[in-house]
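S.K.: Input structure: work.cif, which contains mmCIF, C-alpha atoms and all ligand atoms.
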```
data_final
loop_
_atom_site.group_PDB
_atom_site.id
_atom_site.type_symbol
_atom_site.label_atom_id
_atom_site.label_comp_id
_atom_site.auth_asym_id
_atom_site.auth_seq_id
_atom_site.Cartn_x
_atom_site.Cartn_y
_atom_site.Cartn_z
ATOM 1 C CA MET A 85 0.000 0.000 0.000
ATOM 2 C CA SER A 86 1.112 3.594 -0.577
ATOM 3 C CA ASP A 87 1.421 6.053 2.353
ATOM 4 C CA GLN A 88 -1.810 7.696 1.225
ATOM 5 C CA GLN A 89 -3.615 4.345 1.246
ATOM 6 C CA VAL A 90 -2.297 3.512 4.714
ATOM 7 C CA GLN A 91 -3.651 6.831 5.973
ATOM 8 C CA ALA A 92 -7.039 6.154 4.369
ATOM 9 C CA SER A 93 -7.209 2.728 5.966
ATOM 10 C CA THR A 94 -6.483 4.026 9.459
ATOM 11 C CA THR A 95 -9.296 6.581 9.359
ATOM 12 C CA LEU A 96 -11.736 3.997 7.969
ATOM 13 C CA SER A 97 -13.953 6.525 6.286
ATOM 14 C CA LEU A 98 -16.684 5.430 3.878
ATOM 15 C CA LYS A 99 -17.588 9.002 2.969
ATOM 16 C CA GLY A 100 -19.161 9.353 -0.460
ATOM 17 C CA ARG A 101 -19.677 5.608 -0.879
ATOM 18 C CA THR A 102 -22.958 3.778 -1.187
ATOM 19 C CA ALA A 103 -23.364 0.611 0.880
ATOM 20 C CA LEU A 104 -26.199 -1.892 0.596
ATOM 21 C CA VAL A 105 -26.739 -4.286 3.504
ATOM 22 C CA THR A 106 -29.243 -7.140 3.234
ATOM 23 C CA GLY A 107 -31.135 -8.329 6.286
ATOM 24 C CA ALA A 108 -30.339 -4.913 7.740
ATOM 25 C CA ALA A 109 -33.504 -4.407 9.802
ATOM 26 C CA SER A 110 -32.239 -6.700 12.585
ATOM 27 C CA GLY A 111 -29.202 -8.094 14.367
ATOM 28 C CA LEU A 112 -25.818 -8.017 12.671
ATOM 29 C CA GLY A 113 -27.022 -6.339 9.485
ATOM 30 C CA LYS A 114 -28.621 -3.499 11.413
ATOM 31 C CA ARG A 115 -25.469 -2.782 13.432
ATOM 32 C CA ILE A 116 -23.299 -2.932 10.303
ATOM 33 C CA ALA A 117 -25.630 -0.469 8.549
ATOM 34 C CA GLU A 118 -25.441 1.893 11.555
ATOM 35 C CA VAL A 119 -21.641 1.735 11.747
ATOM 36 C CA PHE A 120 -21.351 2.323 7.988
ATOM 37 C CA GLY A 121 -23.582 5.386 8.446
ATOM 38 C CA ASP A 122 -21.277 6.590 11.239
ATOM 39 C CA ALA A 123 -18.345 6.177 8.822
ATOM 40 C CA GLY A 124 -20.079 8.498 6.355
ATOM 41 C CA ALA A 125 -21.515 6.030 3.830
ATOM 42 C CA ASN A 126 -24.889 6.448 2.197
ATOM 43 C CA VAL A 127 -26.712 3.355 3.396
ATOM 44 C CA VAL A 128 -29.309 1.156 1.728
ATOM 45 C CA VAL A 129 -31.200 -0.937 4.259
ATOM 46 C CA ALA A 130 -32.668 -3.981 2.497
ATOM 47 C CA ASP A 131 -34.936 -6.454 4.268
ATOM 48 C CA LEU A 132 -38.054 -8.524 3.707
ATOM 49 C CA ARG A 133 -40.550 -5.907 4.851
ATOM 50 C CA GLN A 134 -40.502 -2.334 3.587
ATOM 51 C CA ALA A 135 -41.690 -0.931 6.939
ATOM 52 C CA ASP A 136 -38.823 -2.609 8.865
ATOM 53 C CA ALA A 137 -36.218 -1.499 6.317
ATOM 54 C CA GLN A 138 -37.573 2.057 6.310
ATOM 55 C CA ALA A 139 -37.557 2.296 10.109
ATOM 56 C CA THR A 140 -33.851 1.387 10.258
ATOM 57 C CA ALA A 141 -33.063 3.646 7.289
ATOM 58 C CA ASP A 142 -34.804 6.557 9.036
ATOM 59 C CA GLU A 143 -32.751 6.009 12.216
ATOM 60 C CA ILE A 144 -29.499 6.008 10.220
ATOM 61 C CA ALA A 145 -30.532 9.114 8.245
ATOM 62 C CA ARG A 146 -30.348 11.063 11.531
ATOM 63 C CA LYS A 147 -26.559 10.685 11.291
ATOM 64 C CA GLY A 148 -26.675 13.055 8.298
ATOM 65 C CA VAL A 149 -26.101 10.516 5.516
ATOM 66 C CA LYS A 150 -28.450 9.597 2.670
ATOM 67 C CA THR A 151 -30.390 6.399 3.251
ATOM 68 C CA LEU A 152 -32.887 4.246 1.449
ATOM 69 C CA GLY A 153 -35.084 1.518 2.922
ATOM 70 C CA ILE A 154 -36.129 -1.125 0.430
ATOM 71 C CA ALA A 155 -38.101 -4.353 0.528
ATOM 72 C CA MET A 156 -35.889 -7.029 -0.992
ATOM 73 C CA ASP A 157 -36.417 -10.766 -0.658
ATOM 74 C CA VAL A 158 -32.927 -11.962 -1.554
ATOM 75 C CA THR A 159 -34.277 -15.265 -2.891
ATOM 76 C CA SER A 160 -36.148 -13.435 -5.680
ATOM 77 C CA GLU A 161 -34.167 -12.517 -8.818
ATOM 78 C CA GLN A 162 -36.770 -9.894 -9.691
ATOM 79 C CA ALA A 163 -36.786 -8.316 -6.231
ATOM 80 C CA VAL A 164 -32.981 -8.164 -6.085
ATOM 81 C CA ASP A 165 -32.573 -6.710 -9.584
ATOM 82 C CA ASP A 166 -35.406 -4.206 -9.051
ATOM 83 C CA GLY A 167 -33.938 -3.172 -5.691
ATOM 84 C CA PHE A 168 -30.472 -2.570 -7.148
ATOM 85 C CA ALA A 169 -32.019 -0.614 -10.060
ATOM 86 C CA GLN A 170 -33.807 1.611 -7.532
ATOM 87 C CA VAL A 171 -30.542 2.206 -5.670
ATOM 88 C CA GLN A 172 -28.747 3.090 -8.909
ATOM 89 C CA LYS A 173 -31.457 5.610 -9.735
ATOM 90 C CA GLN A 174 -31.626 7.245 -6.318
ATOM 91 C CA LEU A 175 -28.092 6.994 -4.909
ATOM 92 C CA GLY A 176 -25.901 5.817 -7.808
ATOM 93 C CA ALA A 177 -23.981 2.551 -8.107
ATOM 94 C CA VAL A 178 -23.389 0.395 -5.057
ATOM 95 C CA ASP A 179 -19.765 0.513 -3.819
ATOM 96 C CA ILE A 180 -20.158 -1.886 -0.884
ATOM 97 C CA LEU A 181 -22.415 -4.910 -0.531
ATOM 98 C CA VAL A 182 -22.883 -6.808 2.700
ATOM 99 C CA SER A 183 -24.733 -9.990 1.790
ATOM 100 C CA ASN A 184 -25.961 -10.720 5.287
ATOM 101 C CA ALA A 185 -29.619 -11.848 5.211
ATOM 102 C CA GLY A 186 -29.991 -15.244 6.790
ATOM 103 C CA ILE A 187 -32.222 -17.688 8.586
ATOM 104 C CA GLN A 188 -31.658 -20.733 10.754
ATOM 105 C CA ILE A 189 -33.609 -23.998 10.884
ATOM 106 C CA VAL A 190 -32.388 -26.776 13.186
ATOM 107 C CA ALA A 191 -33.245 -30.479 13.037
ATOM 108 C CA PRO A 192 -31.400 -33.788 12.758
ATOM 109 C CA ILE A 193 -30.797 -34.711 9.123
ATOM 110 C CA GLN A 194 -33.167 -37.667 9.223
ATOM 111 C CA ASP A 195 -36.004 -35.268 10.102
ATOM 112 C CA PHE A 196 -34.996 -32.380 7.816
ATOM 113 C CA THR A 197 -37.687 -31.759 5.223
ATOM 114 C CA PHE A 198 -36.568 -31.142 1.636
ATOM 115 C CA ALA A 199 -38.670 -27.957 1.708
ATOM 116 C CA ASN A 200 -36.726 -26.586 4.688
ATOM 117 C CA TRP A 201 -33.393 -27.612 3.143
ATOM 118 C CA LYS A 202 -34.263 -25.672 -0.022
ATOM 119 C CA LYS A 203 -35.651 -22.703 1.929
ATOM 120 C CA LEU A 204 -32.413 -22.273 3.871
ATOM 121 C CA LEU A 205 -30.120 -22.724 0.869
ATOM 122 C CA ALA A 206 -32.239 -20.226 -1.091
ATOM 123 C CA VAL A 207 -31.755 -17.431 1.462
ATOM 124 C CA HIS A 208 -28.023 -17.976 1.983
ATOM 125 C CA LEU A 209 -26.780 -19.241 -1.393
ATOM 126 C CA ASP A 210 -29.300 -17.927 -3.949
ATOM 127 C CA GLY A 211 -29.346 -14.682 -1.964
ATOM 128 C CA GLY A 212 -25.541 -14.505 -1.939
ATOM 129 C CA PHE A 213 -25.373 -15.138 -5.673
ATOM 130 C CA LEU A 214 -28.179 -12.787 -6.724
ATOM 131 C CA THR A 215 -27.048 -9.848 -4.594
ATOM 132 C CA SER A 216 -23.357 -10.194 -5.431
ATOM 133 C CA ARG A 217 -24.130 -10.562 -9.161
ATOM 134 C CA ALA A 218 -26.190 -7.364 -9.075
ATOM 135 C CA ALA A 219 -23.468 -5.560 -7.096
ATOM 136 C CA VAL A 220 -20.663 -6.737 -9.406
ATOM 137 C CA ARG A 221 -22.620 -5.509 -12.435
ATOM 138 C CA GLN A 222 -22.947 -2.027 -10.921
ATOM 139 C CA MET A 223 -19.338 -1.976 -9.689
ATOM 140 C CA ILE A 224 -18.029 -2.827 -13.176
ATOM 141 C CA ALA A 225 -20.329 -0.289 -14.878
ATOM 142 C CA SER A 226 -19.358 2.510 -12.463
ATOM 143 C CA GLY A 227 -15.661 1.876 -13.089
ATOM 144 C CA ARG A 228 -15.024 2.296 -9.352
ATOM 145 C CA GLY A 229 -15.055 -1.358 -8.300
ATOM 146 C CA GLY A 230 -15.995 -1.986 -4.697
ATOM 147 C CA SER A 231 -16.113 -4.352 -1.757
ATOM 148 C CA ILE A 232 -18.356 -7.377 -1.341
ATOM 149 C CA ILE A 233 -18.677 -8.904 2.101
ATOM 150 C CA PHE A 234 -20.490 -12.174 2.724
ATOM 151 C CA MET A 235 -21.770 -13.072 6.177
ATOM 152 C CA GLY A 236 -20.359 -16.533 6.722
ATOM 153 C CA SER A 237 -20.050 -18.147 10.124
ATOM 154 C CA VAL A 238 -17.765 -20.369 12.145
ATOM 155 C CA HIS A 239 -20.041 -22.834 10.352
ATOM 156 C CA SER A 240 -18.156 -21.895 7.158
ATOM 157 C CA LYS A 241 -15.271 -23.810 8.791
ATOM 158 C CA GLU A 242 -16.771 -26.209 11.331
ATOM 159 C CA ALA A 243 -19.860 -28.393 11.585
ATOM 160 C CA SER A 244 -22.403 -28.606 14.385
ATOM 161 C CA LYS A 245 -25.165 -31.094 14.935
ATOM 162 C CA LEU A 246 -28.680 -30.227 13.667
ATOM 163 C CA LYS A 247 -27.477 -27.693 11.068
ATOM 164 C CA SER A 248 -26.960 -29.618 7.821
ATOM 165 C CA PRO A 249 -28.178 -26.977 5.312
ATOM 166 C CA TYR A 250 -26.756 -24.039 7.300
ATOM 167 C CA VAL A 251 -23.256 -25.556 7.490
ATOM 168 C CA THR A 252 -23.480 -26.507 3.809
ATOM 169 C CA ALA A 253 -24.553 -22.999 2.787
ATOM 170 C CA LYS A 254 -21.963 -21.207 4.919
ATOM 171 C CA HIS A 255 -19.174 -23.380 3.495
ATOM 172 C CA GLY A 256 -20.524 -22.601 0.013
ATOM 173 C CA LEU A 257 -20.290 -18.839 0.508
ATOM 174 C CA GLU A 258 -16.536 -19.152 0.963
ATOM 175 C CA GLY A 259 -16.288 -20.650 -2.522
ATOM 176 C CA LEU A 260 -18.427 -17.910 -4.032
ATOM 177 C CA ALA A 261 -16.353 -15.198 -2.352
ATOM 178 C CA LYS A 262 -13.113 -16.675 -3.702
ATOM 179 C CA VAL A 263 -14.431 -16.843 -7.279
ATOM 180 C CA ILE A 264 -15.576 -13.211 -7.110
ATOM 181 C CA ALA A 265 -12.170 -12.220 -5.684
ATOM 182 C CA LYS A 266 -10.487 -13.759 -8.759
ATOM 183 C CA GLU A 267 -12.965 -12.473 -11.355
ATOM 184 C CA GLY A 268 -13.359 -9.071 -9.684
ATOM 185 C CA ALA A 269 -9.677 -8.176 -9.269
ATOM 186 C CA ALA A 270 -9.386 -6.685 -12.763
ATOM 187 C CA HIS A 271 -12.307 -4.377 -11.902
ATOM 188 C CA ASN A 272 -10.974 -3.397 -8.449
ATOM 189 C CA ILE A 273 -13.674 -5.512 -6.805
ATOM 190 C CA ARG A 274 -12.765 -7.225 -3.532
ATOM 191 C CA SER A 275 -14.684 -10.081 -1.980
ATOM 192 C CA ASN A 276 -14.351 -11.447 1.553
ATOM 193 C CA VAL A 277 -16.224 -13.391 4.219
ATOM 194 C CA ILE A 278 -16.784 -12.629 7.900
ATOM 195 C CA CYS A 279 -17.242 -15.716 10.068
ATOM 196 C CA PRO A 280 -18.853 -14.824 13.405
ATOM 197 C CA GLY A 281 -19.165 -17.071 16.414
ATOM 198 C CA PHE A 282 -22.450 -16.950 18.300
ATOM 199 C CA VAL A 283 -23.934 -13.458 18.624
ATOM 200 C CA ARG A 284 -27.103 -12.902 20.674
ATOM 201 C CA THR A 285 -29.375 -11.714 17.860
ATOM 202 C CA PRO A 286 -33.003 -12.821 17.324
ATOM 203 C CA LEU A 287 -31.668 -15.634 15.098
ATOM 204 C CA VAL A 288 -29.698 -17.106 18.005
ATOM 205 C CA GLU A 289 -32.247 -16.376 20.749
ATOM 206 C CA LYS A 290 -34.711 -18.534 18.798
ATOM 207 C CA GLN A 291 -32.260 -21.441 18.587
ATOM 208 C CA ILE A 292 -31.594 -21.704 22.321
ATOM 209 C CA PRO A 293 -34.977 -23.274 23.299
ATOM 210 C CA GLU A 294 -35.100 -25.235 20.016
ATOM 211 C CA GLN A 295 -31.699 -26.826 20.608
ATOM 212 C CA ALA A 296 -32.538 -27.463 24.273
ATOM 213 C CA GLN A 297 -35.553 -29.455 23.142
ATOM 214 C CA GLU A 298 -33.757 -31.327 20.328
ATOM 215 C CA LEU A 299 -30.758 -32.212 22.513
ATOM 216 C CA GLY A 300 -32.755 -32.841 25.703
ATOM 217 C CA ILE A 301 -30.697 -30.384 27.806
ATOM 218 C CA SER A 302 -31.422 -27.069 29.577
ATOM 219 C CA GLU A 303 -31.180 -23.698 27.828
ATOM 220 C CA ALA A 304 -28.270 -22.752 30.123
ATOM 221 C CA ASP A 305 -26.471 -25.918 28.994
ATOM 222 C CA VAL A 306 -27.088 -25.058 25.326
ATOM 223 C CA ILE A 307 -25.302 -21.727 25.900
ATOM 224 C CA LYS A 308 -22.475 -23.081 28.057
ATOM 225 C CA ASN A 309 -21.891 -26.553 26.656
ATOM 226 C CA VAL A 310 -22.925 -26.182 23.021
ATOM 227 C CA MET A 311 -22.685 -22.575 21.811
ATOM 228 C CA LEU A 312 -19.729 -21.262 23.828
ATOM 229 C CA LYS A 313 -18.051 -24.539 24.754
ATOM 230 C CA ASP A 314 -15.005 -24.097 22.519
ATOM 231 C CA THR A 315 -14.458 -20.351 22.952
ATOM 232 C CA VAL A 316 -11.359 -19.246 24.862
ATOM 233 C CA ASP A 317 -13.390 -17.330 27.459
ATOM 234 C CA GLY A 318 -17.041 -18.466 27.376
ATOM 235 C CA GLU A 319 -18.110 -15.139 25.837
ATOM 236 C CA PHE A 320 -20.558 -14.330 23.068
ATOM 237 C CA THR A 321 -19.282 -12.350 20.077
ATOM 238 C CA THR A 322 -21.133 -9.008 19.732
ATOM 239 C CA VAL A 323 -22.787 -7.116 16.905
ATOM 240 C CA ASP A 324 -20.148 -4.404 17.347
ATOM 241 C CA ASP A 325 -17.297 -6.909 16.923
ATOM 242 C CA ILE A 326 -18.775 -7.954 13.593
ATOM 243 C CA ALA A 327 -19.608 -4.414 12.457
ATOM 244 C CA GLN A 328 -15.972 -3.370 13.020
ATOM 245 C CA ALA A 329 -14.762 -6.328 10.954
ATOM 246 C CA ALA A 330 -17.211 -5.342 8.183
ATOM 247 C CA LEU A 331 -15.976 -1.735 8.305
ATOM 248 C CA THR A 332 -12.382 -2.910 7.915
ATOM 249 C CA PHE A 333 -13.219 -4.986 4.837
ATOM 250 C CA ALA A 334 -15.401 -2.199 3.388
ATOM 251 C CA ALA A 335 -12.741 0.485 3.816
ATOM 252 C CA TRP A 336 -9.712 -1.587 2.816
ATOM 253 C CA PRO A 337 -8.118 0.332 -0.051
ATOM 254 C CA SER A 338 -6.466 -2.386 -2.137
ATOM 255 C CA ASN A 339 -6.702 -5.910 -3.507
ATOM 256 C CA ALA A 340 -4.255 -7.033 -0.804
ATOM 257 C CA LEU A 341 -7.234 -8.145 1.261
ATOM 258 C CA THR A 342 -9.448 -10.223 -1.001
ATOM 259 C CA GLY A 343 -10.624 -13.819 -1.161
ATOM 260 C CA GLN A 344 -10.232 -14.062 2.625
ATOM 261 C CA SER A 345 -12.373 -15.101 5.543
ATOM 262 C CA LEU A 346 -12.011 -13.586 8.986
ATOM 263 C CA VAL A 347 -13.215 -15.626 11.962
ATOM 264 C CA VAL A 348 -14.467 -13.436 14.830
ATOM 265 C CA SER A 349 -15.500 -15.948 17.458
ATOM 266 C CA HIS A 350 -13.607 -15.642 20.778
ATOM 267 C CA GLY A 351 -11.280 -18.344 19.532
ATOM 268 C CA TRP A 352 -14.007 -20.954 18.960
ATOM 269 C CA PHE A 353 -12.345 -21.695 15.632
ATOM 270 C CA MET A 354 -8.655 -20.944 15.084
ATOM 271 C CA GLN A 355 -7.308 -20.908 11.526
HETATM 272 P P1 LIG B 1 -31.448 -11.799 12.520
HETATM 273 O O1 LIG B 1 -32.546 -12.813 12.483
HETATM 274 O O2 LIG B 1 -31.353 -10.857 13.660
HETATM 275 O O3 LIG B 1 -31.467 -10.932 11.177
HETATM 276 C C1 LIG B 1 -31.600 -11.536 9.919
HETATM 277 C C2 LIG B 1 -32.326 -10.561 9.001
HETATM 278 O O4 LIG B 1 -32.404 -11.172 7.701
HETATM 279 C C3 LIG B 1 -33.773 -10.269 9.451
HETATM 280 O O5 LIG B 1 -33.994 -8.885 9.479
HETATM 281 C C4 LIG B 1 -34.617 -10.961 8.388
HETATM 282 O O6 LIG B 1 -35.854 -10.305 8.110
HETATM 283 C C5 LIG B 1 -33.679 -10.908 7.172
HETATM 284 N N1 LIG B 1 -34.022 -11.907 6.166
HETATM 285 C C6 LIG B 1 -34.349 -13.211 6.347
HETATM 286 N N2 LIG B 1 -34.670 -13.778 5.175
HETATM 287 C C7 LIG B 1 -34.528 -12.803 4.238
HETATM 288 C C8 LIG B 1 -34.712 -12.769 2.838
HETATM 289 N N3 LIG B 1 -35.138 -13.848 2.160
HETATM 290 N N4 LIG B 1 -34.488 -11.595 2.192
HETATM 291 C C9 LIG B 1 -34.078 -10.506 2.865
HETATM 292 N N5 LIG B 1 -33.902 -10.467 4.179
HETATM 293 C C10 LIG B 1 -34.125 -11.612 4.865
HETATM 294 O O7 LIG B 1 -30.110 -12.660 12.369
HETATM 295 P P2 LIG B 1 -28.554 -12.303 12.546
HETATM 296 O O8 LIG B 1 -28.053 -13.136 13.648
HETATM 297 O O9 LIG B 1 -28.316 -10.857 12.548
HETATM 298 O O10 LIG B 1 -27.982 -12.966 11.208
HETATM 299 C C11 LIG B 1 -27.442 -12.220 10.140
HETATM 300 C C12 LIG B 1 -26.466 -13.101 9.371
HETATM 301 O O11 LIG B 1 -25.390 -13.460 10.243
HETATM 302 C C13 LIG B 1 -27.051 -14.413 8.857
HETATM 303 O O12 LIG B 1 -26.535 -14.692 7.579
HETATM 304 C C14 LIG B 1 -26.546 -15.420 9.856
HETATM 305 O O13 LIG B 1 -26.470 -16.712 9.311
HETATM 306 C C15 LIG B 1 -25.183 -14.848 10.161
HETATM 307 N N6 LIG B 1 -24.579 -15.314 11.411
HETATM 308 C C16 LIG B 1 -25.188 -15.055 12.606
HETATM 309 C C17 LIG B 1 -24.584 -15.508 13.762
HETATM 310 C C18 LIG B 1 -25.196 -15.263 15.114
HETATM 311 O O14 LIG B 1 -24.718 -15.877 16.080
HETATM 312 N N7 LIG B 1 -26.205 -14.400 15.260
HETATM 313 C C19 LIG B 1 -23.371 -16.211 13.711
HETATM 314 C C20 LIG B 1 -22.799 -16.443 12.477
HETATM 315 C C21 LIG B 1 -23.404 -15.987 11.337
#
```
Take the structure in the file and write it out as structure tokens.

M.R.:
Amino acid sequence: MSDQQVQASTTLSLKGRTALVTGAASGLGKRIAEVFGDAGANVVVADLRQADAQATADEIARKGVKTLGIAMDVTSEQAVDDGFAQVQKQLGAVDILVSNAGIQIVAPIQDFTFANWKKLLAVHLDGGFLTSRAAVRQMIASGRGGSIIFMGSVHSKEASKLKSPYVTAKHGLEGLAKVIAKEGAAHNIRSNVICPGFVRTPLVEKQIPEQAQELGISEADVIKNVMLKDTVDGEFTTVDDIAQAALTFAAWPSNALTGQSLVVSHGWFMQ
């Protein structure tokens, strides 16, 4: 990196850039969208329901940046392409994509319905493909390139019981990110994955009683002996930990950091 680039990376400003975050009305996506707003980005909050997306977009707009709240089901090619077209029209090309929308469904494989398998893969993998394809198209057309960040998981690296489609999908996103890193380099497009450990968002709160029932143990034991068992300190990762990692990837000024995955998990998984 040049001296100028080093300086830019230490201030971590996203001023003048347009960032689109999917699943940004809740949990990790919401905190990432807020932190990007704090860093000066114009922020597009995309989620299933317009009202939820708009409410988060309105909160972020109070920081003095431009925002847009859009309904976008990431499993729908039409909804994704229409949403990106709306962004292009109102805020210009997307410079940063955080493909974050996700769901969780837990069951042993012998009980997993094919419908639930397909539903989960559609949100994580179809959603990852459709949103990154739309972003890459805009990043090439703008001539500016950009940064694509996929929300992976420790489950991009490790398996856990009851999570066959989730572990499959999160491993798959690593492959997609690496292909985009190779194809995107000529266009100054970077592509990386963040792999969080357990973070207490609505997605995880829902799993605690479900796993307790499936595994026949208490909710306290699910937290201590399943979710946080292999961390170095028995601590949950936080939405702020993940938002700071996303900001680093978004602001990184060169192709030095591309095709990578960063595990943020209190040492649950060590590379
Ligand atoms: P969350 O449930 O708080 O938020 C997920 C958001 O995604 C919701 O607002 C939901 O409406 C949205 N969403 C769901 N399906 C969608 C679709 N088809 N189109 C658009 N939006 C959709 O969950 P979270 O914990 O913040 O999870 C965000 C991402 O982080 C997910 O990809 C998840 O797999 C990943 N992750 C979470 C954890 C964790 O411990 N919370 C750990 C590792 C990875």

S.K.: Quick one: residues within 8 Å of region 312-317 of chain A, all atoms listed in the file counted, chain neighbours fewer than 6 positions away excluded, as a ChimeraX atom specification?

M.R.: /A:282,349-353

S.K.: Could you turn the residues from that selection into a file that holds C-alpha atoms, as a short mmCIF file (atom, residue, chain, number, x, y, z; two decimals), in the coordinates of the input?

M.R.:
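Generated file (selection-v7.cif):
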```cif
data_model
loop_
_atom_site.label_atom_id
_atom_site.label_comp_id
_atom_site.auth_asym_id
_atom_site.auth_seq_id
_atom_site.Cartn_x
_atom_site.Cartn_y
_atom_site.Cartn_z
CA PHE A 282 -22.45 -16.95 18.30
CA SER A 349 -15.50 -15.95 17.46
CA HIS A 350 -13.61 -15.64 20.78
CA GLY A 351 -11.28 -18.34 19.53
CA TRP A 352 -14.01 -20.95 18.96
CA PHE A 353 -12.34 -21.70 15.63
#
```

S.K.: With 3 Å on each side, where is the centre of the axis-aligned box around all listed atoms of ligand LIG 1 (chain B), and how long are its edges in Å to one decimal, as JSON?

M.R.:
```
{"center_x": -29.3, "center_y": -12.8, "center_z": 9.1, "size_x": 19.1, "size_y": 13.8, "size_z": 19.9}
```

S.K.: Starting from the PyMOL selection byres (((not hetatm)) within 6 of (chain B and resi 1)), expand the selection into actual residues of this file and give them as an mmCIF file with C-alpha atoms, keeping the file's coordinate frame.

M.R.:
```
data_model
loop_
_atom_site.group_PDB
_atom_site.id
_atom_site.type_symbol
_atom_site.label_atom_id
_atom_site.label_comp_id
_atom_site.auth_asym_id
_atom_site.auth_seq_id
_atom_site.Cartn_x
_atom_site.Cartn_y
_atom_site.Cartn_z
ATOM 1 C CA THR A 106 -29.243 -7.140 3.234
ATOM 2 C CA GLY A 107 -31.135 -8.329 6.286
ATOM 3 C CA ALA A 108 -30.339 -4.913 7.740
ATOM 4 C CA ALA A 109 -33.504 -4.407 9.802
ATOM 5 C CA SER A 110 -32.239 -6.700 12.585
ATOM 6 C CA GLY A 111 -29.202 -8.094 14.367
ATOM 7 C CA LEU A 112 -25.818 -8.017 12.671
ATOM 8 C CA GLY A 113 -27.022 -6.339 9.485
ATOM 9 C CA ASP A 131 -34.936 -6.454 4.268
ATOM 10 C CA LEU A 132 -38.054 -8.524 3.707
ATOM 11 C CA MET A 156 -35.889 -7.029 -0.992
ATOM 12 C CA ASP A 157 -36.417 -10.766 -0.658
ATOM 13 C CA VAL A 158 -32.927 -11.962 -1.554
ATOM 14 C CA THR A 159 -34.277 -15.265 -2.891
ATOM 15 C CA ASN A 184 -25.961 -10.720 5.287
ATOM 16 C CA ALA A 185 -29.619 -11.848 5.211
ATOM 17 C CA GLY A 186 -29.991 -15.244 6.790
ATOM 18 C CA ILE A 187 -32.222 -17.688 8.586
ATOM 19 C CA VAL A 207 -31.755 -17.431 1.462
ATOM 20 C CA MET A 235 -21.770 -13.072 6.177
ATOM 21 C CA GLY A 236 -20.359 -16.533 6.722
ATOM 22 C CA SER A 237 -20.050 -18.147 10.124
ATOM 23 C CA PRO A 280 -18.853 -14.824 13.405
ATOM 24 C CA GLY A 281 -19.165 -17.071 16.414
ATOM 25 C CA PHE A 282 -22.450 -16.950 18.300
ATOM 26 C CA VAL A 283 -23.934 -13.458 18.624
ATOM 27 C CA ARG A 284 -27.103 -12.902 20.674
ATOM 28 C CA THR A 285 -29.375 -11.714 17.860
ATOM 29 C CA PRO A 286 -33.003 -12.821 17.324
ATOM 30 C CA LEU A 287 -31.668 -15.634 15.098
ATOM 31 C CA VAL A 288 -29.698 -17.106 18.005
#
```

S.K.: Just how far from CA of Thr321 (chain A) is CA of Val348 (chain A), in Å to one decimal?

M.R.: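 Interatomic distance here is 7.2 Å.
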
S.K.: What residues come out when you apply the PyMOL selection byres (((chain A and resi 193) around 12) and not hetatm) to this file, written as a list in words?

M.R.: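 Applying the expression gives Ile189, Val190, Ala191, Pro192, Gln194, Asp195, Phe196, Thr197, Phe198, Asn200, Trp201, Ser244, Lys245, Leu246, Lys247, Ser248, Pro249, Tyr250 and Val251 of chain A.
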
S.K.: May I have the residues within 9 Å of Ala261 (chain A) as a PDB file with C-alpha atoms, in the coordinates of the input, using only C-alpha atoms and disregarding those fewer than 5 positions away in the same chain?

M.R.:
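Generated output (selection-v5.pdb):
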```pdb
ATOM      1  CA  ILE A 232     -18.356  -7.377  -1.341  1.00  0.00           C
ATOM      2  CA  ILE A 233     -18.677  -8.904   2.101  1.00  0.00           C
ATOM      3  CA  PHE A 234     -20.490 -12.174   2.724  1.00  0.00           C
ATOM      4  CA  GLY A 256     -20.524 -22.601   0.013  1.00  0.00           C
ATOM      5  CA  LYS A 266     -10.487 -13.759  -8.759  1.00  0.00           C
ATOM      6  CA  ARG A 274     -12.765  -7.225  -3.532  1.00  0.00           C
ATOM      7  CA  SER A 275     -14.684 -10.081  -1.980  1.00  0.00           C
ATOM      8  CA  ASN A 276     -14.351 -11.447   1.553  1.00  0.00           C
ATOM      9  CA  VAL A 277     -16.224 -13.391   4.219  1.00  0.00           C
ATOM     10  CA  THR A 342      -9.448 -10.223  -1.001  1.00  0.00           C
ATOM     11  CA  GLY A 343     -10.624 -13.819  -1.161  1.00  0.00           C
ATOM     12  CA  GLN A 344     -10.232 -14.062   2.625  1.00  0.00           C
ATOM     13  CA  SER A 345     -12.373 -15.101   5.543  1.00  0.00           C
TER      14      SER A 345
END
```

S.K.: From the list A:Gln295, A:Val164, A:Gln174, A:Lys203, which residue is nearest Arg217 (chain A) when using only C-alpha atoms?

M.R.: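 Closest to Arg217 (chain A), using only C-alpha atoms: A:Val164.
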
S.K.: Please write as a CSV table (one decimal) with C-alpha atoms, keeping the file's coordinate frame the full residue list that the PyMOL selection byres (((chain A and resi 142) around 12) and not hetatm) yields on this file.

M.R.:
```
chain,number,residue,atom,x,y,z
A,109,ALA,CA,-33.5,-4.4,9.8
A,117,ALA,CA,-25.6,-0.5,8.5
A,118,GLU,CA,-25.4,1.9,11.6
A,121,GLY,CA,-23.6,5.4,8.4
A,127,VAL,CA,-26.7,3.4,3.4
A,128,VAL,CA,-29.3,1.2,1.7
A,129,VAL,CA,-31.2,-0.9,4.3
A,134,GLN,CA,-40.5,-2.3,3.6
A,135,ALA,CA,-41.7,-0.9,6.9
A,136,ASP,CA,-38.8,-2.6,8.9
A,137,ALA,CA,-36.2,-1.5,6.3
A,138,GLN,CA,-37.6,2.1,6.3
A,139,ALA,CA,-37.6,2.3,10.1
A,140,THR,CA,-33.9,1.4,10.3
A,141,ALA,CA,-33.1,3.6,7.3
A,143,GLU,CA,-32.8,6.0,12.2
A,144,ILE,CA,-29.5,6.0,10.2
A,145,ALA,CA,-30.5,9.1,8.2
A,146,ARG,CA,-30.3,11.1,11.5
A,147,LYS,CA,-26.6,10.7,11.3
A,148,GLY,CA,-26.7,13.1,8.3
A,149,VAL,CA,-26.1,10.5,5.5
A,150,LYS,CA,-28.4,9.6,2.7
A,151,THR,CA,-30.4,6.4,3.3
A,152,LEU,CA,-32.9,4.2,1.4
A,153,GLY,CA,-35.1,1.5,2.9
A,154,ILE,CA,-36.1,-1.1,0.4
```
